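One file, start_2.tsv, carrying TSV, C-alpha atoms and all ligand atoms:
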chain	number	residue	atom	x	y	z
A	303	MET	CA	-2.54	-14.40	-26.40
A	304	LYS	CA	-0.18	-12.10	-24.49
A	305	ARG	CA	1.38	-14.13	-21.68
A	306	ALA	CA	3.85	-12.69	-19.15
A	307	ILE	CA	5.99	-14.00	-16.31
A	308	TYR	CA	6.39	-12.07	-13.06
A	309	PRO	CA	9.47	-13.73	-11.52
A	310	GLY	CA	10.93	-13.42	-8.05
A	311	THR	CA	11.86	-15.11	-4.83
A	312	PHE	CA	8.69	-14.08	-2.95
A	313	ASP	CA	10.00	-15.00	0.49
A	314	PRO	CA	7.29	-14.03	1.32
A	315	ILE	CA	4.93	-12.30	-1.11
A	316	THR	CA	4.06	-8.75	0.03
A	317	TYR	CA	1.39	-6.18	-0.86
A	318	GLY	CA	4.07	-4.56	-3.06
A	319	HIS	CA	4.31	-7.71	-5.18
A	320	LEU	CA	0.52	-8.06	-5.22
A	321	ASP	CA	0.19	-4.50	-6.49
A	322	ILE	CA	2.42	-5.40	-9.46
A	323	ILE	CA	0.54	-8.67	-10.02
A	324	GLU	CA	-2.88	-6.99	-10.01
A	325	ARG	CA	-1.81	-4.25	-12.39
A	326	SER	CA	-0.02	-6.55	-14.81
A	327	SER	CA	-2.90	-9.02	-14.80
A	328	ARG	CA	-4.94	-6.19	-16.35
A	329	ILE	CA	-2.32	-5.60	-19.06
A	330	PHE	CA	-1.73	-9.22	-20.15
A	331	ASP	CA	-4.14	-12.01	-21.07
A	332	GLU	CA	-2.33	-14.35	-18.71
A	333	LEU	CA	0.22	-13.75	-16.00
A	334	ILE	CA	2.40	-16.47	-14.47
A	335	VAL	CA	3.96	-15.70	-11.12
A	336	GLY	CA	7.27	-17.59	-11.34
A	337	ILE	CA	8.95	-18.52	-8.07
A	338	LEU	CA	12.68	-18.99	-8.51
A	339	VAL	CA	14.03	-22.12	-6.84
A	340	ASN	CA	17.31	-20.55	-5.77
A	341	ASN	CA	19.69	-22.98	-4.13
A	342	SER	CA	22.13	-20.22	-3.17
A	343	LYS	CA	19.60	-18.51	-0.86
A	344	GLN	CA	18.42	-19.89	2.47
A	345	PRO	CA	14.73	-18.95	2.33
A	346	LEU	CA	12.42	-18.71	5.32
A	347	PHE	CA	9.65	-20.45	3.38
A	348	SER	CA	10.01	-23.55	1.19
A	349	VAL	CA	9.03	-23.26	-2.45
A	350	SER	CA	5.80	-25.16	-1.83
A	351	GLU	CA	4.90	-22.90	1.11
A	352	ARG	CA	5.54	-19.82	-1.04
A	353	GLU	CA	3.54	-21.31	-3.89
A	354	GLU	CA	0.60	-22.01	-1.59
A	355	MET	CA	0.67	-18.51	-0.03
A	356	ILE	CA	0.78	-16.82	-3.44
A	357	LYS	CA	-2.01	-19.02	-4.81
A	358	GLU	CA	-4.23	-18.00	-1.90
A	359	ALA	CA	-3.36	-14.32	-2.36
A	360	VAL	CA	-4.13	-14.30	-6.11
A	361	ALA	CA	-7.16	-16.60	-5.99
A	362	HIS	CA	-9.47	-13.69	-6.97
A	363	MET	CA	-7.57	-13.07	-10.24
A	364	ASN	CA	-8.74	-15.51	-12.92
A	365	ASN	CA	-5.86	-15.00	-15.34
A	366	VAL	CA	-3.01	-15.43	-12.83
A	367	LYS	CA	-1.17	-18.75	-12.41
A	368	VAL	CA	1.57	-19.61	-9.92
A	369	MET	CA	4.51	-21.88	-10.78
A	370	SER	CA	8.07	-22.46	-9.64
A	371	PHE	CA	11.12	-22.72	-11.87
A	372	HIS	CA	14.81	-23.68	-11.86
A	373	GLY	CA	17.51	-22.29	-14.07
A	374	LEU	CA	17.31	-19.42	-16.48
A	375	LEU	CA	14.26	-17.19	-16.43
A	376	VAL	CA	14.17	-16.88	-20.22
A	377	ASP	CA	14.14	-20.68	-20.59
A	378	PHE	CA	11.17	-20.83	-18.23
A	379	ALA	CA	9.45	-18.05	-20.19
A	380	ARG	CA	9.98	-19.90	-23.48
A	381	ALA	CA	8.77	-23.17	-21.99
A	382	GLN	CA	5.58	-21.38	-20.95
A	383	ASP	CA	5.26	-19.65	-24.31
A	384	ALA	CA	5.50	-16.24	-22.61
A	385	SER	CA	6.99	-13.32	-24.55
A	386	PHE	CA	7.07	-10.84	-21.69
A	387	LEU	CA	8.71	-10.52	-18.28
A	388	VAL	CA	7.34	-8.10	-15.71
A	389	ARG	CA	9.49	-6.42	-13.08
A	390	GLY	CA	8.59	-3.81	-10.49
A	391	LEU	CA	10.80	-0.77	-9.89
A	392	ARG	CA	10.53	0.53	-6.34
A	393	ALA	CA	13.16	3.23	-6.41
A	394	VAL	CA	16.06	4.42	-8.49
A	395	THR	CA	18.30	2.02	-6.56
A	396	ASP	CA	16.50	-0.93	-8.21
A	397	PHE	CA	17.19	0.44	-11.66
A	398	GLU	CA	20.83	-0.46	-12.19
A	399	TYR	CA	20.38	-4.13	-11.25
A	400	GLU	CA	17.14	-4.42	-13.22
A	401	LEU	CA	18.68	-2.80	-16.30
A	402	GLN	CA	21.64	-5.18	-16.19
A	403	MET	CA	19.37	-8.19	-15.80
A	404	THR	CA	17.06	-7.03	-18.59
A	405	GLN	CA	19.89	-6.35	-20.99
A	406	THR	CA	21.45	-9.74	-20.26
A	407	ASN	CA	18.10	-11.45	-20.84
A	408	LYS	CA	17.68	-9.51	-24.08
A	409	VAL	CA	21.09	-10.62	-25.34
A	410	ILE	CA	20.39	-14.29	-24.62
A	411	ALA	CA	16.72	-14.18	-25.67
A	412	SER	CA	15.95	-11.39	-28.11
A	413	ASP	CA	12.37	-12.61	-28.54
A	414	ILE	CA	11.49	-11.80	-24.92
A	415	ASP	CA	10.80	-8.28	-23.65
A	416	THR	CA	10.79	-6.94	-20.11
A	417	ILE	CA	8.10	-4.51	-19.02
A	418	PHE	CA	8.70	-2.38	-15.91
A	419	LEU	CA	5.95	-1.13	-13.67
A	420	THR	CA	6.78	1.41	-11.01
A	421	THR	CA	5.68	0.05	-7.66
A	422	SER	CA	2.91	2.11	-6.14
A	423	LEU	CA	4.29	4.83	-3.80
A	424	LYS	CA	2.45	3.19	-0.94
A	425	TYR	CA	4.78	0.18	-1.14
A	426	SER	CA	7.96	1.67	-2.56
A	427	TYR	CA	9.96	1.05	0.64
A	428	LEU	CA	8.79	-2.53	1.12
A	429	SER	CA	10.91	-5.69	0.80
A	430	SER	CA	10.50	-9.30	1.84
A	431	SER	CA	13.60	-9.20	4.06
A	432	MET	CA	12.22	-6.18	5.91
A	433	VAL	CA	8.98	-8.09	6.53
A	434	ARG	CA	10.94	-11.14	7.76
A	435	GLU	CA	13.03	-9.01	10.11
A	436	LEU	CA	10.02	-7.19	11.57
A	437	ALA	CA	8.18	-10.48	12.06
A	438	SER	CA	11.20	-12.08	13.73
A	439	PHE	CA	11.02	-9.35	16.40
A	440	GLY	CA	7.28	-9.77	16.84
A	441	ALA	CA	6.26	-6.52	15.08
A	442	ASP	CA	2.86	-6.22	13.41
A	443	ILE	CA	3.32	-6.92	9.68
A	444	SER	CA	-0.35	-7.01	8.74
A	445	ARG	CA	-0.13	-3.79	6.73
A	446	PHE	CA	2.66	-5.23	4.55
A	447	VAL	CA	1.48	-8.74	3.66
A	448	PRO	CA	-1.85	-10.51	3.09
A	449	GLU	CA	-3.54	-12.10	6.07
A	450	ASN	CA	-2.63	-15.68	5.14
A	451	VAL	CA	1.05	-14.66	5.02
A	452	THR	CA	0.86	-12.92	8.40
A	453	ARG	CA	-0.48	-16.14	9.89
A	454	LYS	CA	2.22	-18.29	8.29
A	455	ILE	CA	5.04	-16.00	9.43
A	456	LYS	CA	3.69	-15.97	12.97
A	457	ASP	CA	3.76	-19.76	12.91
A	458	LYS	CA	7.35	-19.73	11.67
A	459	TYR	CA	8.57	-17.39	14.37
A	460	LYS	CA	6.13	-18.74	16.94
A	461	VAL	CA	5.04	-15.20	17.77
A	462	GLU	CA	2.01	-14.89	19.97
A	463	ASN	CA	-0.31	-11.93	19.75
A	501	LIG	N1	7.21	-4.97	-3.68
A	501	LIG	C1	7.87	-5.38	-2.59
A	501	LIG	N2	9.11	-5.89	-2.64
A	501	LIG	C2	9.67	-6.01	-3.84
A	501	LIG	C3	9.04	-5.60	-5.02
A	501	LIG	C4	7.74	-5.05	-4.90
A	501	LIG	N3	7.07	-4.64	-5.95
A	501	LIG	N4	9.85	-5.83	-6.06
A	501	LIG	C5	10.95	-6.37	-5.55
A	501	LIG	N5	10.85	-6.47	-4.21
A	501	LIG	C6	11.87	-6.96	-3.28
A	501	LIG	C7	11.73	-8.39	-2.92
A	501	LIG	O1	10.87	-8.53	-1.82
A	501	LIG	C8	13.15	-8.78	-2.59
A	501	LIG	O2	13.41	-8.38	-1.28
A	501	LIG	P1	14.51	-9.07	-0.38
A	501	LIG	O3	15.80	-9.04	-1.14
A	501	LIG	O4	14.49	-8.20	0.81
A	501	LIG	O5	14.04	-10.46	-0.10
A	501	LIG	C9	13.98	-7.90	-3.54
A	501	LIG	O6	13.13	-6.86	-3.91
A	501	LIG	C10	14.43	-8.58	-4.81
A	501	LIG	O7	13.50	-9.55	-5.09
A	501	LIG	P2	12.98	-10.24	-6.37
A	501	LIG	O8	12.12	-9.35	-7.16
A	501	LIG	O9	12.37	-11.50	-5.88
A	501	LIG	O10	14.22	-10.47	-7.21
A	501	LIG	P3	15.36	-11.47	-7.02
A	501	LIG	O11	16.57	-10.63	-7.18
A	501	LIG	O12	15.25	-12.31	-5.82
A	501	LIG	O13	15.11	-12.44	-8.25
A	501	LIG	C11	14.98	-13.01	-10.58
A	501	LIG	C12	15.14	-11.94	-9.53
A	501	LIG	C13	14.23	-14.22	-10.09
A	501	LIG	C14	14.15	-12.34	-11.66
A	501	LIG	C15	16.37	-13.34	-11.12
A	501	LIG	O14	17.22	-13.71	-10.07
A	501	LIG	C16	16.36	-14.45	-12.16
A	501	LIG	O15	15.82	-14.29	-13.23
A	501	LIG	N6	16.93	-15.60	-11.84
A	501	LIG	C17	16.96	-16.76	-12.70
A	501	LIG	C18	18.35	-16.98	-13.29
A	501	LIG	C19	18.52	-16.14	-14.51
A	501	LIG	O16	17.79	-16.18	-15.47
A	501	LIG	N7	19.58	-15.34	-14.48
A	501	LIG	C20	19.92	-14.45	-15.56
A	501	LIG	C21	19.28	-13.10	-15.34
A	501	LIG	S1	20.47	-11.88	-15.70

As structure tokens, please, write out the structure in this file.
Ligand code: COA
Amino acid sequence: MKRAIYPGTFDPITYGHLDIIERSSRIFDELIVGILVNNSKQPLFSVSEREEMIKEAVAHMNNVKVMSFHGLLVDFARAQDASFLVRGLRAVTDFEYELQMTQTNKVIASDIDTIFLTTSLKYSYLSSSMVRELASFGADISRFVPENVTRKIKDKYKVEN
């Protein structure tokens, strides 16, 4: 069984992330979306809120699970018996950071490989912080995130439409 982890902060999940999830769910037998519990970031959404939003957004994909994790990604991957990590590359600017992270992971866990998917052109400019900023000013974010996320962000910022 080929199991992979798609890790990230997902604050919140966007259509760009979902594009990567859908495509990698077709490559692997099982995909685990791993939400990093990162104490150094001040997220808009709690881990359980993010977990719930992602679960709703991936409910139509039978081989996708959603979990959160602390600590090292490769330890989480090993604990889940996953030999692959998936990362999306949006633009060349992502590459340097991703390469460094992948090489570090490879040095500390040579049994785990990272697979890169290029984010679809349609979403190559998208980021969670951009979505948060637009929403904070009351802009329409419905073309960037699933409907359940749009609703949750509106609640957070108390934006009325
Ligand atoms: N579509 C839309 N946005 C995307 C995207 C896509 N396909 N891919 C990345 N992004 C955006 C995210 O929205 C996020 O935007 P933001 O910064 O505006 O919020 C940004 O790119 C980076 O996000 P993410 O993919 O969540 O990466 P990250 O840097 O927050 O987390 C981890 C990366 C979780 C993989 C990494 O920090 C990790 O493994 N941590 C665990 C500790 C560890 O093992 N460290 C050793 C690794 S060297």

Give the padded box for ligand LIG 501 (chain A) as JSON: axis-aligned, covering all atoms listed in the file, 5 Å on each side, centre and edge lengths in Å to one decimal.
{"center_x": 13.8, "center_y": -10.8, "center_z": -7.4, "size_x": 23.4, "size_y": 22.3, "size_z": 26.5}

Can you pull out every residue within 10 Å of segment 410-427 of chain A, counting all atoms listed in the file, but drop anything in the same chain fewer than 3 positions away, and send it as an mmCIF file with C-alpha atoms, keeping the file's coordinate frame?
data_model
loop_
_atom_site.group_PDB
_atom_site.id
_atom_site.type_symbol
_atom_site.label_atom_id
_atom_site.label_comp_id
_atom_site.auth_asym_id
_atom_site.auth_seq_id
_atom_site.Cartn_x
_atom_site.Cartn_y
_atom_site.Cartn_z
ATOM 1 C CA ALA A 306 3.850 -12.690 -19.150
ATOM 2 C CA ILE A 307 5.990 -14.000 -16.310
ATOM 3 C CA TYR A 308 6.390 -12.070 -13.060
ATOM 4 C CA THR A 316 4.060 -8.750 0.030
ATOM 5 C CA TYR A 317 1.390 -6.180 -0.860
ATOM 6 C CA GLY A 318 4.070 -4.560 -3.060
ATOM 7 C CA HIS A 319 4.310 -7.710 -5.180
ATOM 8 C CA LEU A 320 0.520 -8.060 -5.220
ATOM 9 C CA ASP A 321 0.190 -4.500 -6.490
ATOM 10 C CA ILE A 322 2.420 -5.400 -9.460
ATOM 11 C CA ILE A 323 0.540 -8.670 -10.020
ATOM 12 C CA ARG A 325 -1.810 -4.250 -12.390
ATOM 13 C CA SER A 326 -0.020 -6.550 -14.810
ATOM 14 C CA VAL A 376 14.170 -16.880 -20.220
ATOM 15 C CA ASP A 377 14.140 -20.680 -20.590
ATOM 16 C CA ALA A 379 9.450 -18.050 -20.190
ATOM 17 C CA ARG A 380 9.980 -19.900 -23.480
ATOM 18 C CA ALA A 384 5.500 -16.240 -22.610
ATOM 19 C CA SER A 385 6.990 -13.320 -24.550
ATOM 20 C CA PHE A 386 7.070 -10.840 -21.690
ATOM 21 C CA LEU A 387 8.710 -10.520 -18.280
ATOM 22 C CA VAL A 388 7.340 -8.100 -15.710
ATOM 23 C CA ARG A 389 9.490 -6.420 -13.080
ATOM 24 C CA GLY A 390 8.590 -3.810 -10.490
ATOM 25 C CA LEU A 391 10.800 -0.770 -9.890
ATOM 26 C CA ARG A 392 10.530 0.530 -6.340
ATOM 27 C CA ALA A 393 13.160 3.230 -6.410
ATOM 28 C CA PHE A 397 17.190 0.440 -11.660
ATOM 29 C CA GLU A 400 17.140 -4.420 -13.220
ATOM 30 C CA LEU A 401 18.680 -2.800 -16.300
ATOM 31 C CA MET A 403 19.370 -8.190 -15.800
ATOM 32 C CA THR A 404 17.060 -7.030 -18.590
ATOM 33 C CA GLN A 405 19.890 -6.350 -20.990
ATOM 34 C CA THR A 406 21.450 -9.740 -20.260
ATOM 35 C CA ASN A 407 18.100 -11.450 -20.840
ATOM 36 C CA MET A 432 12.220 -6.180 5.910
ATOM 37 C CA PHE A 446 2.660 -5.230 4.550
#

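We find atom CA of Asp383 of chain A and atom CA of Phe347 of chain A to be spaced 28.0 Å apart.
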
* Nearest to ligand LIG 501 (chain A) among A:Ile455, A:Leu374, A:Val349, A:Val394, with distances taken over all atoms listed in the file: which residue is it? ->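 Nearest candidate to ligand LIG 501 (chain A) out of A:Ile455, A:Leu374, A:Val349, A:Val394: A:Leu374.
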
* Could you work out how far atom CA of Phe371 of chain A lies from atom CA of Asp313 of chain A, giving the answer in Å with one decimal? ->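 Value for the atom CA of Asp313 of chain A-atom CA of Phe371 of chain A distance: 14.6 Å.
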
* Provide the atom C17 of ligand LIG 501 (chain A) to atom CA of Met363 of chain A distance in Å, to one decimal place. => 24.9 Å

* Using only C-alpha atoms and all ligand atoms, find the one residue out of A:Ser430, A:Gln402, A:Ser342, A:Thr452 that sits nearest to ligand LIG 501 (chain A). =>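 Smallest separation from ligand LIG 501 (chain A) among the options: A:Ser430.
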
* **Nearest to Val360 of chain A, chosen from A:Thr395, A:Arg305, A:Arg434, A:Ser327, with all atoms listed in the file counted in the distances** =>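 Smallest separation from Val360 of chain A among the options: A:Ser327.
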
* Given the choices A:Asp331, A:Asp442, A:Glu449, A:Glu398, which gets closest to ligand LIG 501 (chain A) if the distance is worked out from all atoms listed in the file? ->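 For ligand LIG 501 (chain A), the nearest of the candidates is A:Glu398.
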